Amino acid sequence: MRDVSPWREPVPASGTMGDPRARGRFGEYGGRYAPESLVEACREVDEAFREARADPGFRGALAELLALHAGRPTPLTPARRLSQELGVRLYLKREDLTHTGSHKINNVLGQALLAARMGRRRLIAETGAGQHGVATATAAALLGLEATVFMGERDIERQALNVFRMRMLGAEVIPVTTGSRTLKDATSEAMRHWVGVTGDSHYCVGSVIGPDPYPWMVREFQRVIGDEARGQCAAELRTGVPDHVVACVGGGSNAAGTFAGFADTSARFVGVEAEGGAGAARGRLGVLHGCRSLFLQDDDGQIVEAHSIAPGLDYPGVGPEHAHLRDLGRARYVTVTDEEAVAAAVRLARTEGIVPALESAHALAWVIRAAGGELPAGSTVLMTLSGRGDKDISTLKELV
Ligand SMILES: *Cc1c(COP(=O)(O)O)cnc(C)c1O
């Protein structure tokens with residue numbers, strides 16, 4: 001078996017993007033702001049995860065799932081024609097080529113395996129556009145677990161195909177009718193549901209958000225992206241490390257997993273948010289869904305709804321570790337408009353024959369913008385292509 005397991009190069013606890021340890025904090029962000037019964041459930045998840053990641057049996061089983069089911073390792077593709085046009089050397093980490101079409105599978109396979117190890121028989125998840133719900137339903141089916149997915153009523157109407165996909169995979173989809181009937185409310189409802197069933201169900205969070213240990217654990221399950229890319233860059237680049245490492249940021253899991261592989265290098269990190277969902281670039285300190293982080297809020301501190309053409313970037317906040325990386329100046333967070341993202345998607349399709357997810361197209365839009373300005377000619381750029389564009393075809397069809 002190829003060594004594709006995460007955690008190949010453990011980062012010292014004291015280093016940036018290391019283990020937040022018992023405090024569960026990234027600087028002033030993070031924490032476990034949850035009802036008492038969930039605090040206990042999170043403690044159990046933390047303990048089980050720490051045991052599991054130290055166990056070669058668990059690591060081997062996860063490596064095998066990632067290789068045989070998810071299709072890892074994913075290639076690092078030089079974007080030759082586009083690079084020539086832009087005057088930089090752009091490399092794409094191809095998460096779009098994984099089973100189910102995005103990086104989300106890395107995290108759900110890890111959490112599903114952990115849930116089975118903890119003796120849980122069911123996964124609970126929230127989903128917005130349905131991508132995390134489909135990934136969770138997939139992992140549950142593969143490991144013989146049940147899946148219950150909470151989804152806002154409005155999202156259910158807008159994403160009928162993904163709702164069917166989840167049901168096809170055997171998952172139960174529960175409509176959420178509270179609040180704005182979208183992702184924020186689905187997340188609140190899923191957490192509320194978990195309170196009563198912590199002994200038999202695992203809450204499978206979809207990004208680097210939520211109460212400790214989720215932001216850390218999800219980053220560690222996603223660091224397989226960064227670890228693989230690190231090795232691939234070492235083989236491909238004369239300098240071994242790219243000048244810039246770029247990824248789109250919704251909650252921030254594909255970015256965190258990518259950055260983690262380069263935390264000990266001089267590579268500059270850029271997280272690209274949607275203009276209408278810029279938690280890291282424009283959010284304010286708050287507490288939501290169990291953690292202290294940056295969220296879009298109005299003057300009363302009410303959470304403002306995010307708006308983006310890319311459903312995965314439609315979250316009003318950002319994971320606590322990104323807030324911390326921003327404060328440290330270790331990563332920079334920039335925003336891209338819907339129009340720029342669509343133009344970038346078209347450009348990648350026509351130069352490289354790859355139709356990216358609209359989320360990933362945000363990262364590319366920044367690269368295109370920066371190539372005409374702040375990126376010196378010949379710079380090397382590693383960009384995580386978080387997913388494929390099949391899910392966005394009907395949106396693109398109206399605009400292109
Ligand atoms: C869900 C999703 C994202 C955003 O999630 P992160 O946790 O920020 O990575 C990005 N790209 C794709 C393709 C997605 O499905």
# chains A, B, ... in the order shown; residues from 1 in each chain; ligands from 1
$ residues_near_ligand --ligand "ligand 1" --cutoff "7 Å" --atoms "only C-alpha atoms and all ligand atoms" --output "list of chain:residue names"
A:Ser102, A:His103, A:Lys104, A:Gln131, A:His132, A:Gly206, A:Ser207, A:Val208, A:Cys248, A:Val249, A:Gly250, A:Gly251, A:Gly252, A:Ser253, A:Asn254, A:Ala255, A:Gly312, A:Leu313, A:Ala357, A:Glu359, A:Ser360, A:Ser386, A:Gly387, A:Arg388
$ write_last_selection --atoms "N, CA, C and O atoms" --output "compact mmCIF listing (two decimals), in the first residue's frame"
# COMPACT_ATOMS: atom_id res chain seq x y z
N SER A 102 -14.92 16.36 -4.92
CA SER A 102 -14.32 17.47 -4.18
C SER A 102 -13.54 16.92 -2.99
O SER A 102 -13.64 15.74 -2.65
N HIS A 103 -12.81 17.85 -2.35
CA HIS A 103 -12.01 17.47 -1.18
C HIS A 103 -12.86 17.01 -0.02
O HIS A 103 -12.33 16.44 0.93
N LYS A 104 -14.17 17.24 -0.03
CA LYS A 104 -14.99 16.92 1.14
C LYS A 104 -14.90 15.45 1.53
O LYS A 104 -15.03 15.09 2.69
N GLN A 131 -23.47 19.33 -0.93
CA GLN A 131 -22.19 18.66 -1.21
C GLN A 131 -21.68 17.86 -0.01
O GLN A 131 -21.29 16.71 -0.16
N HIS A 132 -21.70 18.48 1.17
CA HIS A 132 -21.24 17.75 2.36
C HIS A 132 -22.22 16.64 2.72
O HIS A 132 -21.81 15.57 3.19
N GLY A 206 -18.67 19.56 8.48
CA GLY A 206 -18.17 19.56 7.11
C GLY A 206 -17.02 20.50 6.79
O GLY A 206 -16.50 20.50 5.69
N SER A 207 -16.62 21.33 7.77
CA SER A 207 -15.50 22.22 7.48
C SER A 207 -14.74 22.48 8.79
O SER A 207 -15.05 21.86 9.82
N VAL A 208 -13.77 23.40 8.74
CA VAL A 208 -12.94 23.64 9.92
C VAL A 208 -13.62 24.64 10.86
O VAL A 208 -13.06 25.67 11.22
N CYS A 248 -9.43 28.48 -2.10
CA CYS A 248 -10.66 29.20 -1.76
C CYS A 248 -11.04 28.88 -0.32
O CYS A 248 -10.65 27.85 0.24
N VAL A 249 -11.81 29.79 0.30
CA VAL A 249 -12.19 29.65 1.71
C VAL A 249 -13.69 29.86 1.88
O VAL A 249 -14.20 30.95 1.62
N GLY A 250 -14.37 28.78 2.27
CA GLY A 250 -15.75 28.91 2.71
C GLY A 250 -15.67 28.90 4.23
O GLY A 250 -15.45 29.93 4.87
N GLY A 251 -15.78 27.70 4.84
CA GLY A 251 -15.39 27.54 6.24
C GLY A 251 -13.88 27.51 6.33
O GLY A 251 -13.29 27.93 7.31
N GLY A 252 -13.28 26.96 5.28
CA GLY A 252 -11.82 26.99 5.19
C GLY A 252 -11.11 25.65 5.25
O GLY A 252 -9.91 25.61 5.51
N SER A 253 -11.81 24.53 4.97
CA SER A 253 -11.14 23.23 5.17
C SER A 253 -10.14 22.87 4.08
O SER A 253 -9.08 22.34 4.38
N ASN A 254 -10.47 23.15 2.80
CA ASN A 254 -9.47 22.76 1.78
C ASN A 254 -8.25 23.67 1.88
O ASN A 254 -7.11 23.23 1.69
N ALA A 255 -8.48 24.93 2.26
CA ALA A 255 -7.35 25.85 2.45
C ALA A 255 -6.50 25.42 3.64
O ALA A 255 -5.27 25.35 3.54
N GLY A 312 -20.63 26.53 -1.83
CA GLY A 312 -19.71 26.15 -0.75
C GLY A 312 -19.06 27.34 -0.07
O GLY A 312 -18.41 27.19 0.97
N LEU A 313 -19.21 28.53 -0.64
CA LEU A 313 -18.61 29.73 -0.03
C LEU A 313 -19.68 30.58 0.65
O LEU A 313 -19.42 31.68 1.11
N ALA A 357 -15.16 23.70 -10.08
CA ALA A 357 -16.27 24.14 -9.24
C ALA A 357 -16.18 25.66 -9.11
O ALA A 357 -15.09 26.23 -9.13
N GLU A 359 -16.51 27.37 -6.53
CA GLU A 359 -15.70 27.70 -5.34
C GLU A 359 -14.23 27.82 -5.75
O GLU A 359 -13.56 28.82 -5.49
N SER A 360 -13.75 26.77 -6.40
CA SER A 360 -12.33 26.73 -6.81
C SER A 360 -12.01 27.86 -7.78
O SER A 360 -10.90 28.39 -7.79
N SER A 386 -10.39 22.72 -5.57
CA SER A 386 -11.12 21.95 -4.56
C SER A 386 -12.19 21.02 -5.12
O SER A 386 -12.53 20.02 -4.50
N GLY A 387 -12.72 21.34 -6.31
CA GLY A 387 -13.77 20.45 -6.82
C GLY A 387 -14.06 20.67 -8.29
O GLY A 387 -13.62 21.65 -8.88
N ARG A 388 -14.83 19.77 -8.83
CA ARG A 388 -15.18 19.86 -10.25
C ARG A 388 -16.50 20.63 -10.44
O ARG A 388 -17.30 20.74 -9.53
$ residues_around --residues "Val272 (chain A)" --least-positions-apart "3" --cutoff "10 Å" --atoms "only C-alpha atoms" --output "list in words"
Val246, Ala247, Cys248, Val249, Gly250, Gly252, Ala255, Phe269, Glu275, Ala278, Ala280, Ala281, Leu313, Arg332, Tyr333, Val334, Thr335, Val336, Glu359, Ser360, Ala361, His362, Ala363, Leu364, Ala365, Trp366 and Val367 of chain A
$ residues_around --residues "region 345-347 of chain A" --least-positions-apart "3" --cutoff "7 Å" --atoms "only C-alpha atoms" --output "PyMOL selection string"
chain A and resi 341-342+350-351+355-356+358+361
$ write_last_selection --atoms "N, CA and C atoms" --output "JSON list (two decimals), in the first residue's frame"
[["chain", "number", "residue", "atom", "x", "y", "z"],
["A", 341, "ALA", "N", -15.24, 35.12, -10.68],
["A", 341, "ALA", "CA", -15.16, 33.66, -10.54],
["A", 341, "ALA", "C", -15.67, 32.97, -11.80],
["A", 342, "VAL", "N", -16.77, 33.46, -12.33],
["A", 342, "VAL", "CA", -17.32, 32.84, -13.55],
["A", 342, "VAL", "C", -16.33, 32.99, -14.71],
["A", 350, "ARG", "N", -11.23, 26.70, -21.04],
["A", 350, "ARG", "CA", -10.78, 26.88, -22.42],
["A", 350, "ARG", "C", -9.27, 26.79, -22.59],
["A", 351, "THR", "N", -8.49, 26.93, -21.50],
["A", 351, "THR", "CA", -7.04, 26.80, -21.64],
["A", 351, "THR", "C", -6.55, 25.42, -21.21],
["A", 355, "VAL", "N", -13.27, 22.05, -16.20],
["A", 355, "VAL", "CA", -14.34, 22.92, -15.69],
["A", 355, "VAL", "C", -14.32, 22.82, -14.17],
["A", 356, "PRO", "N", -13.88, 23.90, -13.50],
["A", 356, "PRO", "CA", -13.74, 23.84, -12.03],
["A", 356, "PRO", "C", -15.06, 24.13, -11.34],
["A", 358, "LEU", "N", -17.32, 26.32, -8.94],
["A", 358, "LEU", "CA", -17.31, 27.78, -8.81],
["A", 358, "LEU", "C", -16.54, 28.23, -7.56],
["A", 361, "ALA", "N", -12.99, 28.23, -8.61],
["A", 361, "ALA", "CA", -12.79, 29.32, -9.58],
["A", 361, "ALA", "C", -12.48, 30.64, -8.88]]
$ closest_atom_pairs --of "region 225-272 of chain A" --to "region 74-80 of chain A" --cutoff "12 Å" --atoms "only C-alpha atoms" --output "tab-separated table"
residue	atom	partner	partner_atom	distance
A:Ile225	CA	A:Thr74	CA	8.3
A:Gly226	CA	A:Leu76	CA	11.1
A:Asp227	CA	A:Thr74	CA	11.3
A:Glu228	CA	A:Thr74	CA	8.0
A:Ala229	CA	A:Leu76	CA	6.9
A:Arg230	CA	A:Leu76	CA	10.0
A:Gly231	CA	A:Leu76	CA	10.0
A:Gln232	CA	A:Leu76	CA	6.6
A:Cys233	CA	A:Leu76	CA	8.1
A:Ala234	CA	A:Leu76	CA	11.3
A:Ala235	CA	A:Leu76	CA	10.5
A:Glu236	CA	A:Leu76	CA	9.0
A:Leu237	CA	A:Pro78	CA	10.7
$ residues_around --residues "Cys204 (chain A)" --least-positions-apart "5" --cutoff "9 Å" --atoms "only C-alpha atoms" --output "list of chain:residue names"
A:Asn107, A:Val108, A:Gln111, A:Ala112, A:Ala115, A:Leu123, A:Ile124, A:Ala125, A:Glu126, A:Thr136, A:Tyr214
$ closest_residue --among "A:Ile156, A:Val197, A:Leu66, A:Leu382" --to "Arg120 (chain A)" --atoms "only C-alpha atoms"
A:Val197
$ atom_distance --atom1 "CA of Arg43 (chain A)" --atom2 "CA of Thr178 (chain A)"
28.6 Å
$ select_by_dssp --residues "region 15-259 of chain A" --states "helix (DSSP H, G or I)" --output "ChimeraX atom specification"
/A:21-23,36-53,56-68,80-86,95-97,104-117,131-143,153-158,160-168,183-196,214-236,253-259
$ closest_residue --among "A:Leu169, A:Ala186, A:Leu90, A:Met191" --to "Val39 (chain A)" --atoms "only C-alpha atoms"
A:Met191
$ closest_residue --among "A:Ala135, A:Ala129, A:Leu92, A:Val287" --to "Tyr29 (chain A)" --atoms "only C-alpha atoms"
A:Val287
$ residues_around --residues "Thr138 (chain A)" --least-positions-apart "5" --cutoff "9 Å" --atoms "only C-alpha atoms" --output "ChimeraX atom specification"
/A:100,105,108-109,133,143,166,169-171
$ closest_residue --among "A:Ser37, A:Ser379, A:Ser201, A:Asn162" --to "Gly128 (chain A)" --atoms "only C-alpha atoms"
A:Asn162
$ closest_residue --among "A:Arg59, A:Arg81, A:His289, A:Arg238" --to "Leu348 (chain A)" --atoms "only C-alpha atoms"
A:Arg81
$ closest_residue --among "A:Glu64, A:Asp299, A:Glu398, A:Asp338" --to "Gly276 (chain A)" --atoms "only C-alpha atoms"
A:Asp338
$ select_by_dssp --residues "region 166-390 of chain A" --states "strand (DSSP E or B)" --output "ChimeraX atom specification"
/A:172-176,201-203,244-248,268-274,284-288,291-295,297,303,317-318,331-336,356,380-385,387-388
$ write_last_selection --atoms "N, CA and C atoms" --output "compact mmCIF listing (two decimals), in the first residue's frame"
# COMPACT_ATOMS: atom_id res chain seq x y z
N GLU A 172 -31.21 9.78 5.28
CA GLU A 172 -32.48 10.47 5.59
C GLU A 172 -32.20 11.97 5.53
N VAL A 173 -33.00 12.70 4.76
CA VAL A 173 -32.83 14.15 4.66
C VAL A 173 -33.96 14.83 5.42
N ILE A 174 -33.58 15.63 6.43
CA ILE A 174 -34.60 16.28 7.26
C ILE A 174 -34.67 17.77 6.93
N PRO A 175 -35.83 18.24 6.45
CA PRO A 175 -35.98 19.66 6.11
C PRO A 175 -35.99 20.53 7.36
N VAL A 176 -35.28 21.66 7.31
CA VAL A 176 -35.24 22.60 8.43
C VAL A 176 -36.06 23.83 8.05
N SER A 201 -24.76 8.47 18.00
CA SER A 201 -24.53 9.15 16.72
C SER A 201 -23.30 10.06 16.79
N HIS A 202 -22.62 10.17 15.67
CA HIS A 202 -21.48 11.08 15.56
C HIS A 202 -21.89 12.26 14.69
N TYR A 203 -21.58 13.48 15.15
CA TYR A 203 -21.87 14.66 14.34
C TYR A 203 -20.67 14.90 13.42
N HIS A 244 3.77 30.88 -3.72
CA HIS A 244 2.44 31.14 -3.16
C HIS A 244 1.63 29.85 -3.09
N VAL A 245 0.85 29.71 -2.04
CA VAL A 245 -0.08 28.60 -1.90
C VAL A 245 -1.47 29.22 -1.77
N VAL A 246 -2.35 28.87 -2.68
CA VAL A 246 -3.64 29.56 -2.79
C VAL A 246 -4.79 28.56 -2.73
N ALA A 247 -5.85 28.91 -2.02
CA ALA A 247 -7.04 28.07 -1.99
C ALA A 247 -8.25 28.93 -1.67
N CYS A 248 -9.43 28.48 -2.10
CA CYS A 248 -10.66 29.20 -1.76
C CYS A 248 -11.04 28.88 -0.32
N ARG A 268 3.97 31.78 0.74
CA ARG A 268 2.96 32.74 1.19
C ARG A 268 1.57 32.16 0.99
N PHE A 269 0.75 32.26 2.02
CA PHE A 269 -0.60 31.68 1.96
C PHE A 269 -1.63 32.75 1.59
N VAL A 270 -2.48 32.39 0.64
CA VAL A 270 -3.58 33.29 0.27
C VAL A 270 -4.89 32.50 0.31
N GLY A 271 -5.82 32.97 1.12
CA GLY A 271 -7.16 32.38 1.17
C GLY A 271 -8.10 33.29 0.41
N VAL A 272 -8.88 32.72 -0.51
CA VAL A 272 -9.74 33.54 -1.35
C VAL A 272 -11.20 33.31 -0.98
N GLU A 273 -11.85 34.38 -0.55
CA GLU A 273 -13.25 34.30 -0.13
C GLU A 273 -14.15 34.92 -1.18
N ALA A 274 -15.43 34.57 -1.11
CA ALA A 274 -16.41 35.22 -1.97
C ALA A 274 -16.67 36.61 -1.41
N ARG A 284 -16.55 40.01 11.97
CA ARG A 284 -16.24 40.53 13.29
C ARG A 284 -16.32 39.41 14.31
N LEU A 285 -15.61 39.61 15.40
CA LEU A 285 -15.53 38.59 16.44
C LEU A 285 -16.93 38.23 16.95
N GLY A 286 -17.19 36.95 17.01
CA GLY A 286 -18.48 36.50 17.54
C GLY A 286 -18.41 35.03 17.89
N VAL A 287 -19.54 34.51 18.36
CA VAL A 287 -19.62 33.08 18.68
C VAL A 287 -20.80 32.50 17.92
N LEU A 288 -20.55 31.47 17.15
CA LEU A 288 -21.62 30.80 16.41
C LEU A 288 -21.27 29.32 16.24
N CYS A 291 -18.18 27.90 18.27
CA CYS A 291 -16.82 28.43 18.34
C CYS A 291 -16.77 29.93 18.19
N ARG A 292 -15.66 30.48 18.70
CA ARG A 292 -15.40 31.91 18.65
C ARG A 292 -14.56 32.15 17.41
N SER A 293 -15.08 32.99 16.53
CA SER A 293 -14.34 33.25 15.30
C SER A 293 -14.84 34.55 14.68
N LEU A 294 -14.58 34.73 13.40
CA LEU A 294 -15.02 35.94 12.71
C LEU A 294 -16.26 35.63 11.89
N PHE A 295 -17.30 36.44 12.09
CA PHE A 295 -18.57 36.23 11.38
C PHE A 295 -19.08 37.55 10.83
N GLN A 297 -21.67 40.21 10.62
CA GLN A 297 -22.72 40.59 11.56
C GLN A 297 -23.22 41.99 11.25
N ILE A 303 -26.17 37.64 12.97
CA ILE A 303 -25.43 37.08 11.86
C ILE A 303 -26.11 37.46 10.54
N GLY A 317 -19.22 32.88 8.09
CA GLY A 317 -18.06 32.96 8.97
C GLY A 317 -16.88 32.22 8.39
N VAL A 318 -15.84 32.11 9.20
CA VAL A 318 -14.65 31.40 8.76
C VAL A 318 -14.11 30.63 9.96
N ALA A 331 -1.23 34.18 6.91
CA ALA A 331 -2.03 34.04 5.68
C ALA A 331 -2.75 35.35 5.42
N ARG A 332 -3.04 35.57 4.14
CA ARG A 332 -3.75 36.76 3.74
C ARG A 332 -5.09 36.32 3.16
N TYR A 333 -6.13 37.12 3.38
CA TYR A 333 -7.46 36.75 2.88
C TYR A 333 -7.96 37.84 1.95
N VAL A 334 -8.34 37.44 0.77
CA VAL A 334 -8.75 38.38 -0.27
C VAL A 334 -10.13 37.95 -0.77
N THR A 335 -10.81 38.85 -1.49
CA THR A 335 -12.15 38.52 -1.96
C THR A 335 -12.24 38.64 -3.48
N VAL A 336 -13.19 37.89 -4.03
CA VAL A 336 -13.40 37.82 -5.47
C VAL A 336 -14.90 37.89 -5.71
N PRO A 356 -13.88 23.90 -13.50
CA PRO A 356 -13.74 23.84 -12.03
C PRO A 356 -15.06 24.13 -11.34
N THR A 380 6.08 30.87 -8.78
CA THR A 380 5.41 29.57 -8.75
C THR A 380 4.22 29.64 -7.80
N VAL A 381 3.10 29.12 -8.28
CA VAL A 381 1.85 29.18 -7.51
C VAL A 381 1.24 27.79 -7.43
N LEU A 382 1.01 27.33 -6.22
CA LEU A 382 0.25 26.10 -6.02
C LEU A 382 -1.17 26.49 -5.66
N MET A 383 -2.13 26.01 -6.45
CA MET A 383 -3.52 26.32 -6.16
C MET A 383 -4.31 25.02 -6.00
N THR A 384 -5.07 24.93 -4.92
CA THR A 384 -5.91 23.74 -4.75
C THR A 384 -7.20 23.92 -5.53
N LEU A 385 -7.40 23.01 -6.45
CA LEU A 385 -8.63 22.99 -7.24
C LEU A 385 -9.58 22.09 -6.44
N GLY A 387 -12.72 21.34 -6.31
CA GLY A 387 -13.77 20.45 -6.82
C GLY A 387 -14.06 20.67 -8.29
N ARG A 388 -14.83 19.77 -8.83
CA ARG A 388 -15.18 19.86 -10.25
C ARG A 388 -16.50 20.63 -10.44
